[in-house]
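Okay, structure first, notes after.
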Amino acid sequence: MTTITAPASKKTSLATLAGLLPFLSPYKRQFLLAAIALVVAASATLAIPYAFKQMIDLGFGAAGSKSTTHVDLYFIALFGVACVLAVATAARFYMVSWLGERVTADIRSAVYAHVVTQSPQFFETTQSGEVLSRLTTDTTLIQSVVGTSISMALRNVLLFVGGLAMLFITSVKLTAIILLALVAVVLPIVLFGRRVRKLSRDSQDRIADASAMAGEILNAMPTVQAFTHEKIEARRFGASVENAFRTAMQRIRARSLLTMVAILLVFGAIVFVLWLGAHAVIAGRMSGGELGQFILYAAIVAGAIGALSEVLGEAQRAAGATERLLELLGEESPIRNPALPQALPPRSAAGAAVVLEDIVFHYPSRPATAALSHLTVEIAPGETVAIVGPSGAGKTTLFQLLLRFYDPQSGRIAIDGVDIRALDLHVLREAIGIVPQDTIIFSANAMENIRYGRADATDAEVIAAATLAAAHEFIERLPEGYQSFLGERGVRMSGGQRQRIAIARALLKNPPLLLLDEATSALDAESERLVQSALEAAMVGRTTLVIAHRLATVQRADRILVMEDGRIVESGTHASLVAQGGLYASLAALQFSLH
Ligand SMILES: Nc1ncnc2c1ncn2[C@@H]1O[C@H](COP(=O)(O)OP(=O)(O)O)[C@@H](O)[C@H]1O
Ligand SMILES: [Mg+2]
């Protein structure tokens, strides 16, 4: 089990980025186009200082000896280079941004598609918030690398190499001098720039801290006010905001210093080289155009160095993000499909036969205590079995194992004679309908919420299932009937109504095995009667296991299993168990108010 590391500043090898290759390889054509645009744009950039030199030396310097048409030609050529630069730069930006967005979208979908196949064990140790931040923050970092950093790096390497070569061609001596000047100028700016960036990240983190705190408190407003903690919370938030302000001020101070130093150093170097160059021009060792060309190439080389250092930091962070995403993608669910799944025998009219043989099960997070120990039970097709027992007895766990959310450490579960580990997970889960204790209602209309039971059901089938589940009437009375929006931002429903939606879902699925976890919230008498009749409709023509909290349900069952501490301690009919005077008799005396 992975504990996904927080996005720390830990150094990851840049080689990790190679893990992105499978996501990049489908787009070879686009990469090629981007590379062409990039090389053209870099070449045009490198041509501009040369064109400038021609313009100065031949356009201005020798204006007397040349015809105006000649002069016009140089200006037209310079503008031509600028046109090529404009088109190639736009094309590069378009291609590279497209790649960044495309690859990020692919990675997001791949990670999400992988995460939704994970077993509950994964979600016990990984918070959904963490997965979400992988999907947003980490993929955004990768987007910046694919979408800009790669092209920035290539472009600046080209500019650096090309610019340097052109510098040497123009003047070897001045180049030697300017290289020293470059080191003296660029190095402090780069190092200082890193510090400023780190400070700006810190300041973002402080703001995130403050808003996380505010978010938690705003969600707990009734508690805060009931305990009259408003002032304390406001003060706590104020302190957090002050902290963010102090961090921001550190960044701002460093930034203004950096601005001053950068301008001084850059202009100092330019003035110094210009001064040297002016002397060379006066002495006739260099033309004015050559000096201009030289200064422009020097600026290109200096800019390339600065950009490369920035790209490196960015790539480093993206490598970390890639590592975490690949880790998530590599996460293997312990519940796996068999290599050669067996088929279920044809469905019998009565329902599924279920056998649990000597099941021993510990939750992975609590290996020391057995949630089920040596549990054996056989359930005939069509039987309705009520499971009762005190809280923590292992009733819900039994359902989890039947759905194969977990595998038992020993023992065997079979449906219609086939070991469930030999079945395809979808085949197994399609054979089981579950009405959970707490129904999840999705943000969708009533029709779609019920259709969750079987995605290809027609509207008429949905309505038929809702009618059987005693949900039709109340849905019709909603403001927009079946089109009414449910869920968090929609119509709120009572516990009994939610449960009838869940029953309708299960009925629509029409599974041979039905698992019911009765609602424990006190339903009002009318709801209870409706839910009860819905449950009875649901049990027809299938095997049903019901975790029962109501005497009415228990009495109607063919058989009652009494569970305690992961074992079945009693089994029989209501009358026989009451006569035994054991655990069931005492639970029945309490009217099953335990859950
Ligand atoms: N996800 C889990 N991880 C660890 N222990 C669990 C988990 N779910 C349930 N348990 C433990 O397993 C035992 C059986 O729980 P459960 O099957 O939910 O009981 P019941 O449904 O009968 O009330 C309890 O001791 C419970 O604390
Ligand atoms: Mg339970």
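Chain labels run A, B, ... following the order of the structure tokens; each chain numbers its residues from 1, and ligands are numbered from 1 in the order shown.
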Residues at most 12 Å from A:Thr45, counting only C-alpha atoms, excluding those fewer than 5 positions away in the same chain, as a PyMOL selection string? chain A and resi 38-40+50-52+78+80-86+88-89+155-156+158-160+162-163+296-297+299-301+304
So which residues are near ligand 1, meaning at most 6 Å away with only C-alpha atoms and all ligand atoms counted, given back as a list in words?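 With only C-alpha atoms and all ligand atoms and a cut-off of 6 Å, ligand 1 is contacted by Tyr363, Ser365, Arg366, Ala371, Ser391, Gly392, Ala393, Gly394, Lys395, Thr396 and Thr397 of chain A.
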Any chance you could export the current selection's N, CA and C atoms as an mmCIF file, in the first residue's frame?
```
data_model
loop_
_atom_site.group_PDB
_atom_site.id
_atom_site.type_symbol
_atom_site.label_atom_id
_atom_site.label_comp_id
_atom_site.auth_asym_id
_atom_site.auth_seq_id
_atom_site.Cartn_x
_atom_site.Cartn_y
_atom_site.Cartn_z
ATOM 1 N N TYR A 363 -9.732 -7.294 8.734
ATOM 2 C CA TYR A 363 -9.545 -6.107 7.892
ATOM 3 C C TYR A 363 -8.064 -5.800 7.813
ATOM 4 N N SER A 365 -6.495 -3.153 7.841
ATOM 5 C CA SER A 365 -6.022 -2.141 8.784
ATOM 6 C C SER A 365 -6.076 -2.619 10.230
ATOM 7 N N ARG A 366 -6.712 -3.778 10.465
ATOM 8 C CA ARG A 366 -6.754 -4.310 11.842
ATOM 9 C C ARG A 366 -6.437 -5.793 11.836
ATOM 10 N N ALA A 371 -12.650 -10.002 12.042
ATOM 11 C CA ALA A 371 -14.005 -9.476 11.877
ATOM 12 C C ALA A 371 -14.978 -10.636 11.658
ATOM 13 N N SER A 391 -24.191 -4.507 17.311
ATOM 14 C CA SER A 391 -23.290 -3.685 16.504
ATOM 15 C C SER A 391 -21.867 -4.233 16.573
ATOM 16 N N GLY A 392 -21.194 -4.294 15.435
ATOM 17 C CA GLY A 392 -19.820 -4.785 15.398
ATOM 18 C C GLY A 392 -19.719 -6.292 15.293
ATOM 19 N N ALA A 393 -20.856 -6.977 15.109
ATOM 20 C CA ALA A 393 -20.839 -8.443 15.048
ATOM 21 C C ALA A 393 -20.221 -8.948 13.747
ATOM 22 N N GLY A 394 -20.226 -8.128 12.708
ATOM 23 C CA GLY A 394 -19.648 -8.553 11.432
ATOM 24 C C GLY A 394 -20.678 -8.704 10.323
ATOM 25 N N LYS A 395 -21.862 -8.151 10.521
ATOM 26 C CA LYS A 395 -22.935 -8.311 9.534
ATOM 27 C C LYS A 395 -22.600 -7.603 8.224
ATOM 28 N N THR A 396 -22.213 -6.336 8.346
ATOM 29 C CA THR A 396 -21.881 -5.581 7.126
ATOM 30 C C THR A 396 -20.646 -6.181 6.447
ATOM 31 N N THR A 397 -19.712 -6.662 7.259
ATOM 32 C CA THR A 397 -18.505 -7.281 6.718
ATOM 33 C C THR A 397 -18.856 -8.457 5.817
#
```
Around ligand 2, which protein and nucleic acid residues have at least one atom no more than 12 Å from it, if we count only C-alpha atoms and all ligand atoms? List them as a PyMOL selection string. chain A and resi 371+387-400+436-438+516-520+546-549+563+594-595
Neighbouring residues of A:Val462 were defined as those with any atom within 8 Å, considering only C-alpha atoms; residues of the same chain fewer than 6 positions away were excluded. Please report them as a ChimeraX atom specification. /A:447,450-451,504,508
Step one, run DSSP on the backbone; step two, keep only residues of stretch 114-351 of chain A assigned to alpha helix (DSSP H); then write them as JSON, numbers by chain. {"A": [114, 115, 120, 121, 122, 123, 124, 125, 128, 129, 130, 131, 132, 133, 139, 140, 141, 142, 143, 144, 150, 151, 152, 153, 154, 155, 156, 157, 158, 159, 160, 161, 162, 163, 164, 165, 166, 167, 168, 169, 170, 172, 173, 174, 175, 176, 177, 178, 179, 180, 181, 182, 183, 184, 185, 186, 187, 188, 189, 190, 191, 192, 193, 194, 195, 196, 197, 198, 199, 200, 201, 202, 203, 204, 205, 206, 207, 208, 209, 210, 211, 212, 213, 214, 215, 216, 217, 218, 219, 221, 222, 223, 224, 225, 226, 230, 231, 232, 233, 234, 235, 236, 237, 238, 239, 240, 241, 242, 243, 244, 245, 246, 247, 248, 249, 250, 251, 252, 253, 254, 255, 256, 257, 258, 259, 260, 261, 262, 263, 264, 265, 266, 267, 268, 269, 270, 271, 272, 273, 274, 275, 276, 277, 278, 279, 280, 281, 282, 288, 289, 290, 291, 292, 293, 294, 295, 296, 297, 298, 299, 300, 301, 302, 303, 304, 305, 306, 307, 308, 309, 310, 311, 312, 313, 314, 315, 316, 317, 318, 319, 320, 321, 322, 323, 324, 325, 326, 327, 328, 329, 330]}
Which polymer residues have any atom within 12 Å of an atom of A:Ala506, counting only C-alpha atoms, with same-chain residues fewer than 2 positions away left out, as a PyMOL selection string? chain A and resi 429-436+439+449-454+462+465-466+468-469+499-504+508-516+534-535+537-539+542+544
Could those residues be written to a file, using C-alpha atoms, as a PDB file, in the first residue's frame?
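Saved file out-v8.pdb follows:
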```
ATOM      1  CA  ARG A 429     -21.332  -7.827  -8.868  1.00  0.00           C
ATOM      2  CA  GLU A 430     -23.979  -7.858 -11.589  1.00  0.00           C
ATOM      3  CA  ALA A 431     -25.462 -10.912  -9.892  1.00  0.00           C
ATOM      4  CA  ILE A 432     -25.820  -9.038  -6.603  1.00  0.00           C
ATOM      5  CA  GLY A 433     -28.139  -6.178  -5.771  1.00  0.00           C
ATOM      6  CA  ILE A 434     -27.444  -4.165  -2.658  1.00  0.00           C
ATOM      7  CA  VAL A 435     -29.653  -1.783  -0.752  1.00  0.00           C
ATOM      8  CA  PRO A 436     -27.262  -0.112   1.645  1.00  0.00           C
ATOM      9  CA  THR A 439     -28.290   5.413   0.202  1.00  0.00           C
ATOM     10  CA  ASN A 449     -30.736   8.123 -10.008  1.00  0.00           C
ATOM     11  CA  ILE A 450     -32.835   4.987 -10.315  1.00  0.00           C
ATOM     12  CA  ARG A 451     -31.313   4.105 -13.685  1.00  0.00           C
ATOM     13  CA  TYR A 452     -28.001   3.785 -11.835  1.00  0.00           C
ATOM     14  CA  GLY A 453     -29.218   0.242 -11.137  1.00  0.00           C
ATOM     15  CA  ARG A 454     -29.008  -0.662 -14.820  1.00  0.00           C
ATOM     16  CA  VAL A 462     -37.421   2.705 -14.405  1.00  0.00           C
ATOM     17  CA  ALA A 465     -39.223  -0.462 -10.733  1.00  0.00           C
ATOM     18  CA  ALA A 466     -40.112   2.731  -8.865  1.00  0.00           C
ATOM     19  CA  LEU A 468     -42.765  -1.764  -7.230  1.00  0.00           C
ATOM     20  CA  ALA A 469     -40.494  -0.036  -4.726  1.00  0.00           C
ATOM     21  CA  GLN A 499     -34.274   3.935   0.791  1.00  0.00           C
ATOM     22  CA  ARG A 500     -37.117   3.390  -1.625  1.00  0.00           C
ATOM     23  CA  ILE A 501     -34.962   4.916  -4.380  1.00  0.00           C
ATOM     24  CA  ALA A 502     -32.266   2.393  -3.451  1.00  0.00           C
ATOM     25  CA  ILE A 503     -34.773  -0.457  -3.555  1.00  0.00           C
ATOM     26  CA  ALA A 504     -35.985   0.709  -6.979  1.00  0.00           C
ATOM     27  CA  LEU A 508     -34.194  -2.492 -11.841  1.00  0.00           C
ATOM     28  CA  LYS A 509     -31.006  -4.513 -11.710  1.00  0.00           C
ATOM     29  CA  ASN A 510     -33.077  -7.644 -11.010  1.00  0.00           C
ATOM     30  CA  PRO A 511     -30.243  -9.656  -9.464  1.00  0.00           C
ATOM     31  CA  PRO A 512     -30.534 -13.311  -8.349  1.00  0.00           C
ATOM     32  CA  LEU A 513     -29.026 -12.359  -4.973  1.00  0.00           C
ATOM     33  CA  LEU A 514     -30.210  -9.350  -2.991  1.00  0.00           C
ATOM     34  CA  LEU A 515     -28.415  -7.904   0.017  1.00  0.00           C
ATOM     35  CA  LEU A 516     -30.419  -5.533   2.200  1.00  0.00           C
ATOM     36  CA  ALA A 534     -41.250  -2.338  -1.104  1.00  0.00           C
ATOM     37  CA  LEU A 535     -38.840  -4.798   0.508  1.00  0.00           C
ATOM     38  CA  ALA A 537     -41.735  -6.849  -3.503  1.00  0.00           C
ATOM     39  CA  ALA A 538     -37.959  -6.804  -3.835  1.00  0.00           C
ATOM     40  CA  MET A 539     -37.523 -10.264  -2.327  1.00  0.00           C
ATOM     41  CA  ARG A 542     -34.469 -14.132  -5.609  1.00  0.00           C
ATOM     42  CA  THR A 544     -32.272 -12.407  -0.073  1.00  0.00           C
TER      43      THR A 544
END
```
Which neighbours of stretch 402-413 of chain A fall inside 8 Å, counting only C-alpha atoms, when residues of the same chain fewer than 2 positions from it are skipped, and could you give them as a PDB file with C-alpha atoms, in the first residue's frame?
```pdb
ATOM      1  CA  SER A 119     -10.605  -1.880  -3.818  1.00  0.00           C
ATOM      2  CA  PRO A 120     -11.907  -0.250  -0.605  1.00  0.00           C
ATOM      3  CA  GLN A 121      -8.535  -1.006   0.984  1.00  0.00           C
ATOM      4  CA  ILE A 335      -8.800  -7.709  -5.616  1.00  0.00           C
ATOM      5  CA  VAL A 354     -24.780 -19.037  -1.607  1.00  0.00           C
ATOM      6  CA  VAL A 355     -22.205 -20.995   0.360  1.00  0.00           C
ATOM      7  CA  LEU A 356     -19.714 -19.559   2.849  1.00  0.00           C
ATOM      8  CA  GLU A 357     -17.206 -22.117   4.092  1.00  0.00           C
ATOM      9  CA  ASP A 358     -15.097 -21.593   7.187  1.00  0.00           C
ATOM     10  CA  ILE A 359     -14.464 -17.903   6.485  1.00  0.00           C
ATOM     11  CA  VAL A 360     -11.740 -16.179   8.485  1.00  0.00           C
ATOM     12  CA  PHE A 361     -11.331 -12.484   7.757  1.00  0.00           C
ATOM     13  CA  HIS A 362      -9.321  -9.638   9.272  1.00  0.00           C
ATOM     14  CA  HIS A 374     -14.695 -19.630  11.024  1.00  0.00           C
ATOM     15  CA  LEU A 398     -20.280 -10.386   5.458  1.00  0.00           C
ATOM     16  CA  PHE A 399     -21.863  -8.294   2.668  1.00  0.00           C
ATOM     17  CA  GLN A 400     -18.507  -6.733   1.799  1.00  0.00           C
ATOM     18  CA  ILE A 415     -22.369 -18.492  -5.659  1.00  0.00           C
ATOM     19  CA  ASP A 419     -15.966 -19.790  -6.154  1.00  0.00           C
ATOM     20  CA  ILE A 420     -16.383 -16.005  -6.400  1.00  0.00           C
ATOM     21  CA  LEU A 425     -15.687  -9.077 -10.825  1.00  0.00           C
ATOM     22  CA  LEU A 428     -20.169 -11.337  -9.683  1.00  0.00           C
ATOM     23  CA  ARG A 429     -21.332  -7.827  -8.868  1.00  0.00           C
ATOM     24  CA  ILE A 432     -25.820  -9.038  -6.603  1.00  0.00           C
TER      25      ILE A 432
END
```
Report as a VMD selection string: the residues of stretch 270-357 of chain A with a DSSP assignment of strand (DSSP E or B), based on the backbone of this structure. chain A and resid 342 354 to 357
Find the residues near A:Leu135: any atom within 8 Å, counting only C-alpha atoms, skip ones fewer than 5 places away on the same chain, and give them as a VMD selection string. chain A and resid 108 111 to 112
Please provide the set of residues having any atom within 10 Å of A:Gly193, restricted to only C-alpha atoms, with same-chain residues fewer than 6 positions apart removed, written as a VMD selection string. chain A and resid 187 199 254 to 255 258 to 259 262 306 309 to 310
Would you export the selected residues with N, CA and C atoms as an mmCIF file, in the first residue's frame, please?
```cif
data_model
loop_
_atom_site.group_PDB
_atom_site.id
_atom_site.type_symbol
_atom_site.label_atom_id
_atom_site.label_comp_id
_atom_site.auth_asym_id
_atom_site.auth_seq_id
_atom_site.Cartn_x
_atom_site.Cartn_y
_atom_site.Cartn_z
ATOM 1 N N LEU A 187 24.796 34.785 -13.008
ATOM 2 C CA LEU A 187 24.849 33.908 -11.840
ATOM 3 C C LEU A 187 24.128 34.495 -10.627
ATOM 4 N N LEU A 199 10.420 31.815 -2.035
ATOM 5 C CA LEU A 199 9.629 32.653 -1.122
ATOM 6 C C LEU A 199 8.204 32.811 -1.637
ATOM 7 N N ALA A 254 12.697 40.803 -1.138
ATOM 8 C CA ALA A 254 13.700 40.120 -1.950
ATOM 9 C C ALA A 254 13.535 40.489 -3.415
ATOM 10 N N ARG A 255 12.271 40.585 -3.831
ATOM 11 C CA ARG A 255 11.981 40.879 -5.228
ATOM 12 C C ARG A 255 12.448 42.297 -5.607
ATOM 13 N N LEU A 258 16.082 42.252 -5.934
ATOM 14 C CA LEU A 258 16.469 41.547 -7.156
ATOM 15 C C LEU A 258 16.327 42.468 -8.363
ATOM 16 N N THR A 259 15.220 43.209 -8.407
ATOM 17 C CA THR A 259 14.986 44.108 -9.537
ATOM 18 C C THR A 259 16.122 45.136 -9.647
ATOM 19 N N ALA A 262 19.422 43.393 -10.638
ATOM 20 C CA ALA A 262 19.391 42.923 -12.021
ATOM 21 C C ALA A 262 19.597 44.092 -12.984
ATOM 22 N N GLY A 306 19.376 32.472 -18.408
ATOM 23 C CA GLY A 306 18.364 32.710 -17.380
ATOM 24 C C GLY A 306 17.185 31.775 -17.555
ATOM 25 N N SER A 309 17.840 28.094 -16.586
ATOM 26 C CA SER A 309 17.887 27.797 -15.148
ATOM 27 C C SER A 309 16.467 27.706 -14.592
ATOM 28 N N GLU A 310 15.581 28.545 -15.133
ATOM 29 C CA GLU A 310 14.202 28.518 -14.679
ATOM 30 C C GLU A 310 13.537 27.198 -15.063
#
```
So how many Å separate atom CA of A:Leu218 and atom CA of A:Lys231, to one decimal?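 These atoms are spaced 13.6 Å apart.
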Could you tell me how far atom CA of A:Leu182 lies from atom CA of A:Arg92, in Å and to one decimal? 28.3 Å
